[in-house]
Amino acid sequence: MKNVRHHIFIRLLGILISTLVFINLELSAQSSERLINGDFEIGIPTIDKSPSFNCKGWRRQIWREGNFNSWLTDAKLDPRIGRDNQALQFRWGATTIHQFFSARARSNYKFGVDTLNTGDIKSAWNPRISVQWFNSDYQAIGNPVVIDEADVTKSPIKTWHRLEGFADAPDNTAYGQFIIEINKRKEGAYFQATFFDNASVIGQDGSANRPPSFISSPYSLQLDSIPESTIHEDSLLKYADDLDQDPLKFTLIKGPKWLQIDPSGAMRAHPGIADVGNHLITVKVDDQRGGTDTQSLLIEVIGHLRLANLFDDEMVLQRDELIPVWGQALPNMEVTVFIGSGFQAQTKSDAAGNWKVQMPAMPATRQGATTLTVTSGPRRLHFSNILIGDVWMCSGQSNMAWALKNTDNLVAATAAAKHPNLRIVKTPDTASNTRWSELNERANWQVAGPDSIKDFSAVAYYFGKGLLSEGIPIGLINSSQGGSRIESWTASLPSSKKKTFFNSRIMPYTYMPITGAIWYQGESNIKDGAAYTDKMLKLVNSWRDAWNRNSEQLPFYFVQLAPFKYKHGNDELLPEFWIAQAAAEELIPNTAMAVINDIGNLGDIHPRNKAPVGKRLGLLAKHNTYGHQDSIAHSPKPESVETSGKYLRVSFSHTGTGLSTRDGTVPKGFELAGIDGKFAKAFAEIKDHTVVLNAPLIQNPAHVRFAWNAATQANLVNSAGLPISAFKLSK
């Protein structure tokens with residue numbers, strides 16, 4: 001009996017030891033990291049809002065085409081993340097970053113990531129991590145599971161903190177997808193940076209093989225451009241990886257004869273003159289364990305003869321001005337430039353291959369279009385459907401950038417948008433701390449039609465459309481950025497190290513003549529008050545200097561901000577800003593301001609009714625630039641103030657045939673004050689070109705102000721229906 005007990009004891013002890021060993025193995029497995037490159041140190045940080053994403057192990061999923069609003073950055077690009085660090089940056093929620101990991105069904109996994117809000121609690125975005133489970137055929141199991149989400153209104157700012165949590169893999173799980181993203185709140189600033197670092201998934205490894213993939217999958221991969229008639233070498237190992245770190249084999253499925261790809265991924269290209277242009281090839285990568293990925297790769301062959309990126313089919317060249325044309329060729333080669341069949345110029349490239357000619361001034365295109373042709377030896381470039389007319393720079397922040405597709409009356413507007421003499425181009429989203437002489441990619445000029453205008457600036461479109469009645473082709477350049485401050489658009493000093501939009505989105509165009517500029521900006525500078533006047537002066541003067549134009553040669557028309565209930569709680573902040581904008585119009589020669597205090601939306605900083613904005617800018621241009629002096633283009637302006645007892649009379653200019661109200665009621669928005677400066681609501685009566693005011697509480701008025709509220713309902717207009725700007729005057 002004793003021996004039996006002994007054997008039972010030994011058996012139980014063995015079971016216990018086995019169990020403990022199993023538990024320890026389980027615990028050991030649970031502590032294993034499932035991600036690679038969770039600190040993002042294996043990758044290439046690129047420019048702000050980079051279209052490329054080369055970060056080993058991770059993929060970027062773009063859900064809004066063209067908005068590359070997440071990328072890899074380092075401390076040199078953004079020192080806020082910490083010295084010698086590398087992290088993911090999200091600007092807003094147009095993308096997600098994810099990585100697959102092999103997983104085991106019914107196992108528990110721990111997820112985590114560090115996050116950093118470098119702005120303030122007013123961000124519109126909550127950082128969030130999720131997991132999506134997949135079976136062995138990469139079919140999703142259920143919906144993504146949110147692991148953790150920060151509340152930016154409660155999370156610490158300017159310091160790293162952790163998001164983390166647990167999730168169980170469901171039945172049939174073979175893979176998990178760890179997802180890093182930012183989730184939109186109902187309010188807050190849209191362009192505030194959020195950073196992620198030290199991503200981690202802890203748990204058991206699965207048995208499924210993770211196939212290799214190209215870094216841009218499922219999007220076409222843009223490789224480095226290749227010069228024609230030059231041997232170019234590269235390796236596809238830079239553009240593909242395998243999370244299991246299997247040796248990869250590459251096969252060229254479809255491609256040109258001048259391109260060879262070795263199974264190791266080594267590439268060798270030797271294109272000729274005839275191969276200039278874009279080439280789409282197909283490549284397969286194999287991990288030799290049954291996992292494959294096939295990708296389309298785009299390779300551009302660049303000719304040794306090329307034009308600056310400003311030039312494109314369907315562009316507009318400035319009339320009545322010498323037209324510079326420049327580019328590159330082989331060193332010390334003859335270059336001939338033709339515009340149409342009647343204008344040509346010749347030059348010779350220098351030792352570095354650079355060349356430039358000045359084409360003679362030409363009148364506006366009245367019938368048909370012309371061409372731009374460049375030849376050098378056997379090489380030839382040809383651009384077609386080009387017009388000679390007036391080119392306008394259109395810049396500012398989100399209300400200038402606001403696309404036509406997001407405005408009122410879109411269906412009617414697009415149906416009527418058939419304007420062969422109106423051409424549009426949008427500048428790529430870039431910023432730089434050095435001045436660029438060249439756009440970073442070829443300008444994409446387009447004819448203004450139902451499809452092309454939908455994504456173009458609504459204000460700029462309505463402005464250009466209104467100018468077509470002059471019978472002159474119009475070219476519109478949209479260089480604008482939501483949330484940007486005026487300082488970013490002003491030419492900085494040569495020693496400045498700050499990235500600006502001027503350097504990359506304005507400066508490249510200053511090598512070409514233009515007619516003038518329109519500007520719609522200020523929301524991001526609303527707290528500047530009177531200081532904004534001087535900033536406008538510096539902006540306009542810096543642009544005129546950059547184009548080497550005086551005030552008469554470069555008109556500048558701008559938009560006064562619309563009424564809006566800002567959340568700073570100061571109803572006088574916006575009126576003070578309106579005064580600063582109006583003062584800029586008076587101070588800066590050859591400028592004019594479009595007043596829009598009748599078309600704002602108090603609950604939306606982006607009013608959808610953009611047509612009147614563009615049309616009013618067009619009226620100013622027609623009056624001042626195109627010589628329609630008999631037209632009514634300016635809003636009324638207060639000229640003088642007179643008092644008689646308890647009455648105060650304000651006289652106005654630019655009234656046309658007289659003042660009225662847009663809604664047929666009595667004038668609203670006037671206030672009077674005595675010498676103590678305490679204002680009270682005033683009653684107003686229109687007398688032709690003047691308004692007579694009185695306030696029962698003010699017996700001896702000494703001051704008058706108008707539309708002095710961010711939510712103004714002022715209704716006084718001239719005979720052309722143009723509203724009066726906010727003002728404050730004393731007798």
# chains A, B, ... in the order shown; residues from 1 in each chain; ligands from 1
>>> select_by_dssp(residues="range 202-350 of chain A", states="helix (DSSP H, G or I)", output="list in words")
Leu236, Leu237, Lys238, Ile273, Ala274 and Asp275 of chain A
>>> write_last_selection(atoms="C-alpha atoms", output="PDB file, in the first residue's frame")
ATOM      1  CA  LEU A 236      14.184  45.553 -55.360  1.00  0.00           C
ATOM      2  CA  LEU A 237      15.230  44.484 -51.868  1.00  0.00           C
ATOM      3  CA  LYS A 238      14.771  48.186 -51.005  1.00  0.00           C
ATOM      4  CA  ILE A 273      16.049  58.276 -76.245  1.00  0.00           C
ATOM      5  CA  ALA A 274      12.901  56.585 -77.544  1.00  0.00           C
ATOM      6  CA  ASP A 275      12.114  55.234 -74.061  1.00  0.00           C
TER       7      ASP A 275
END
>>> closest_atom_pairs(of="range 404-478 of chain A", to="range 610-628 of chain A", cutoff="12 Å", atoms="only C-alpha atoms", output="CSV")
residue,atom,partner,partner_atom,distance
A:Leu404,CA,A:Lys610,CA,8.2
A:Lys405,CA,A:Lys610,CA,11.0
A:Asn406,CA,A:Lys610,CA,9.7
A:Thr407,CA,A:Lys610,CA,6.7
A:Asp408,CA,A:Lys610,CA,7.6
A:Asn409,CA,A:Ala611,CA,9.2
A:Leu410,CA,A:Ala611,CA,10.5
A:Ala412,CA,A:Ala611,CA,11.9
A:Ala413,CA,A:Ala611,CA,9.4
A:Ser457,CA,A:Lys610,CA,9.4
A:Ala458,CA,A:Lys610,CA,6.2
A:Val459,CA,A:Gly614,CA,4.5
A:Ala460,CA,A:Gly614,CA,6.1
A:Tyr461,CA,A:Gly614,CA,7.1
A:Tyr462,CA,A:Gly614,CA,4.6
A:Phe463,CA,A:Gly614,CA,4.1
A:Gly464,CA,A:Gly618,CA,7.2
A:Lys465,CA,A:Lys615,CA,8.4
A:Gly466,CA,A:Gly618,CA,5.8
A:Leu467,CA,A:Gly618,CA,6.3
A:Leu468,CA,A:Gly618,CA,10.0
A:Ser469,CA,A:Lys622,CA,9.7
A:Glu470,CA,A:Tyr626,CA,8.0
A:Gly471,CA,A:Tyr626,CA,11.1
A:Ile472,CA,A:Tyr626,CA,10.6
A:Ile474,CA,A:Gly618,CA,11.9
>>> residues_around(residues="Ser136 in chain A", least_positions_apart="2", cutoff="9 Å", atoms="only C-alpha atoms", output="PyMOL selection string")
chain A and resi 134+138-139+172-175+208
>>> atom_distance(atom1="CA of Asn590 in chain A", atom2="CA of Phe502 in chain A")
21.2 Å
>>> closest_atom_pairs(of="range 24-64 of chain A", to="range 78-97 of chain A", cutoff="10 Å", atoms="only C-alpha atoms", output="tab-separated table")
residue	atom	partner	partner_atom	distance
A:Gly38	CA	A:Ala87	CA	9.6
A:Asp39	CA	A:Ala87	CA	7.1
A:Phe40	CA	A:Ala87	CA	5.9
A:Glu41	CA	A:Gln86	CA	5.8
A:Ile42	CA	A:Gln86	CA	9.0
A:Gly43	CA	A:Gln86	CA	8.8
A:Ile44	CA	A:Gln86	CA	9.4
A:Pro45	CA	A:Gln86	CA	7.8
A:Asp48	CA	A:Gln89	CA	9.2
A:Lys49	CA	A:Arg91	CA	8.2
A:Phe53	CA	A:Ile97	CA	9.9
A:Cys55	CA	A:Leu88	CA	9.6
A:Trp58	CA	A:Ile97	CA	6.7
A:Arg59	CA	A:Ile97	CA	5.6
A:Arg60	CA	A:Ile97	CA	4.6
A:Gln61	CA	A:Thr96	CA	5.2
A:Ile62	CA	A:Thr95	CA	4.6
A:Trp63	CA	A:Thr95	CA	5.8
A:Arg64	CA	A:Ala94	CA	5.5
>>> residues_around(residues="Thr414 in chain A", least_positions_apart="4", cutoff="8 Å", atoms="only C-alpha atoms", output="PDB file with N, CA and C atoms, in the first residue's frame")
ATOM      1  N   LEU A 410     -23.421  72.639 -56.555  1.00  0.00           N
ATOM      2  CA  LEU A 410     -22.371  71.924 -57.275  1.00  0.00           C
ATOM      3  C   LEU A 410     -22.861  71.391 -58.618  1.00  0.00           C
ATOM      4  N   GLY A 449     -13.170  72.015 -66.772  1.00  0.00           N
ATOM      5  CA  GLY A 449     -14.340  71.294 -67.236  1.00  0.00           C
ATOM      6  C   GLY A 449     -15.074  70.668 -66.068  1.00  0.00           C
ATOM      7  N   PRO A 450     -16.190  69.994 -66.307  1.00  0.00           N
ATOM      8  CA  PRO A 450     -17.009  69.422 -65.227  1.00  0.00           C
ATOM      9  C   PRO A 450     -16.236  68.509 -64.285  1.00  0.00           C
ATOM     10  N   ASP A 451     -15.277  67.755 -64.799  1.00  0.00           N
ATOM     11  CA  ASP A 451     -14.524  66.837 -63.945  1.00  0.00           C
ATOM     12  C   ASP A 451     -13.361  67.526 -63.248  1.00  0.00           C
ATOM     13  N   ILE A 453     -12.774  70.705 -62.423  1.00  0.00           N
ATOM     14  CA  ILE A 453     -12.983  71.793 -61.454  1.00  0.00           C
ATOM     15  C   ILE A 453     -13.487  71.306 -60.106  1.00  0.00           C
ATOM     16  N   LYS A 454     -13.998  70.083 -60.022  1.00  0.00           N
ATOM     17  CA  LYS A 454     -14.572  69.609 -58.759  1.00  0.00           C
ATOM     18  C   LYS A 454     -13.575  69.670 -57.610  1.00  0.00           C
TER      19      LYS A 454
END
>>> residues_around(residues="Asn183 in chain A", least_positions_apart="4", cutoff="10 Å", atoms="only C-alpha atoms", output="list of chain:residue names")
A:Trp92, A:Gly93, A:Ala124, A:Trp125, A:Asn126, A:Pro127, A:Arg128, A:Ile129, A:Glu149, A:Ala150, A:Asp151
>>> write_last_selection(atoms="C-alpha atoms", output="PDB file, in the first residue's frame")
ATOM      1  CA  TRP A  92      -4.974  64.068 -39.738  1.00  0.00           C
ATOM      2  CA  GLY A  93      -7.010  60.939 -40.354  1.00  0.00           C
ATOM      3  CA  ALA A 124      -9.504  67.055 -33.479  1.00  0.00           C
ATOM      4  CA  TRP A 125      -7.889  63.621 -33.279  1.00  0.00           C
ATOM      5  CA  ASN A 126      -7.723  60.876 -30.657  1.00  0.00           C
ATOM      6  CA  PRO A 127      -4.826  58.416 -31.130  1.00  0.00           C
ATOM      7  CA  ARG A 128      -6.124  54.840 -31.323  1.00  0.00           C
ATOM      8  CA  ILE A 129      -4.894  51.254 -31.752  1.00  0.00           C
ATOM      9  CA  GLU A 149      -8.079  55.123 -27.557  1.00  0.00           C
ATOM     10  CA  ALA A 150      -6.792  58.271 -25.882  1.00  0.00           C
ATOM     11  CA  ASP A 151      -8.993  61.231 -25.078  1.00  0.00           C
TER      12      ASP A 151
END
>>> residues_around(residues="Ile506 in chain A", least_positions_apart="2", cutoff="9 Å", atoms="only C-alpha atoms", output="VMD selection string")
chain A and resid 393 395 427 436 479 489 501 to 504 508 to 510 543
>>> write_last_selection(atoms="N, CA and C atoms", output="compact mmCIF listing (two decimals), in the first residue's frame")
# COMPACT_ATOMS: atom_id res chain seq x y z
N MET A 393 -2.09 84.10 -59.52
CA MET A 393 -1.74 83.27 -58.37
C MET A 393 -2.87 83.35 -57.34
N SER A 395 -3.95 82.11 -53.55
CA SER A 395 -3.30 81.54 -52.38
C SER A 395 -4.06 81.88 -51.10
N THR A 427 -0.81 73.40 -57.03
CA THR A 427 0.56 73.16 -56.62
C THR A 427 0.62 72.02 -55.60
N TRP A 436 13.01 77.18 -53.49
CA TRP A 436 13.08 76.29 -54.64
C TRP A 436 13.05 77.09 -55.94
N SER A 479 -2.18 77.74 -55.02
CA SER A 479 -1.16 77.39 -54.02
C SER A 479 -1.71 77.80 -52.66
N TRP A 489 3.63 82.13 -45.82
CA TRP A 489 3.54 82.51 -47.23
C TRP A 489 4.37 83.74 -47.55
N PHE A 501 5.74 77.71 -46.90
CA PHE A 501 5.05 77.40 -48.15
C PHE A 501 5.53 78.34 -49.26
N PHE A 502 5.95 79.55 -48.89
CA PHE A 502 6.47 80.46 -49.90
C PHE A 502 7.63 79.82 -50.66
N ASN A 503 8.54 79.19 -49.93
CA ASN A 503 9.76 78.65 -50.55
C ASN A 503 9.46 77.63 -51.64
N SER A 504 8.46 76.77 -51.41
CA SER A 504 8.21 75.67 -52.34
C SER A 504 6.97 75.84 -53.21
N PRO A 508 8.86 78.98 -56.92
CA PRO A 508 9.10 78.44 -58.27
C PRO A 508 8.36 79.19 -59.37
N TYR A 509 7.22 79.79 -59.05
CA TYR A 509 6.44 80.50 -60.06
C TYR A 509 6.98 81.91 -60.34
N THR A 510 7.84 82.41 -59.45
CA THR A 510 8.31 83.80 -59.61
C THR A 510 9.28 83.94 -60.77
N TRP A 543 6.16 89.37 -52.19
CA TRP A 543 5.76 88.77 -53.47
C TRP A 543 6.16 89.67 -54.63
>>> residues_around(residues="Asp234 in chain A", least_positions_apart="6", cutoff="8 Å", atoms="only C-alpha atoms", output="list in words")
Ala266, Met267 and Arg268 of chain A
>>> select_by_dssp(residues="range 384-456 of chain A", states="strand (DSSP E or B)", output="PyMOL selection string")
chain A and resi 384-396+403+419-426+432+446-448
>>> write_last_selection(atoms="C-alpha atoms", output="short mmCIF file (atom, residue, chain, number, x, y, z; two decimals), in the first residue's frame")
data_model
loop_
_atom_site.label_atom_id
_atom_site.label_comp_id
_atom_site.auth_asym_id
_atom_site.auth_seq_id
_atom_site.Cartn_x
_atom_site.Cartn_y
_atom_site.Cartn_z
CA SER A 384 0.35 71.18 -76.92
CA ASN A 385 -2.90 73.11 -76.40
CA ILE A 386 -1.13 76.10 -74.81
CA LEU A 387 -2.78 79.51 -74.50
CA ILE A 388 -1.33 83.02 -74.17
CA GLY A 389 -3.34 85.03 -71.62
CA ASP A 390 -3.38 86.21 -68.01
CA VAL A 391 -2.02 84.11 -65.15
CA TRP A 392 -3.24 84.65 -61.58
CA MET A 393 -1.74 83.27 -58.37
CA CYS A 394 -4.48 82.13 -55.94
CA SER A 395 -3.30 81.54 -52.38
CA GLY A 396 -4.27 81.46 -48.70
CA ALA A 403 -12.85 72.56 -53.41
CA HIS A 419 -14.44 76.76 -70.39
CA PRO A 420 -11.74 75.90 -72.95
CA ASN A 421 -10.05 79.26 -72.28
CA LEU A 422 -9.85 78.76 -68.51
CA ARG A 423 -6.93 76.63 -67.34
CA ILE A 424 -6.23 75.48 -63.78
CA VAL A 425 -3.28 73.96 -61.90
CA LYS A 426 -2.84 72.95 -58.27
CA SER A 432 10.82 73.89 -47.46
CA GLN A 446 -6.00 71.18 -66.98
CA VAL A 447 -8.81 72.69 -68.97
CA ALA A 448 -11.60 73.83 -66.63
#
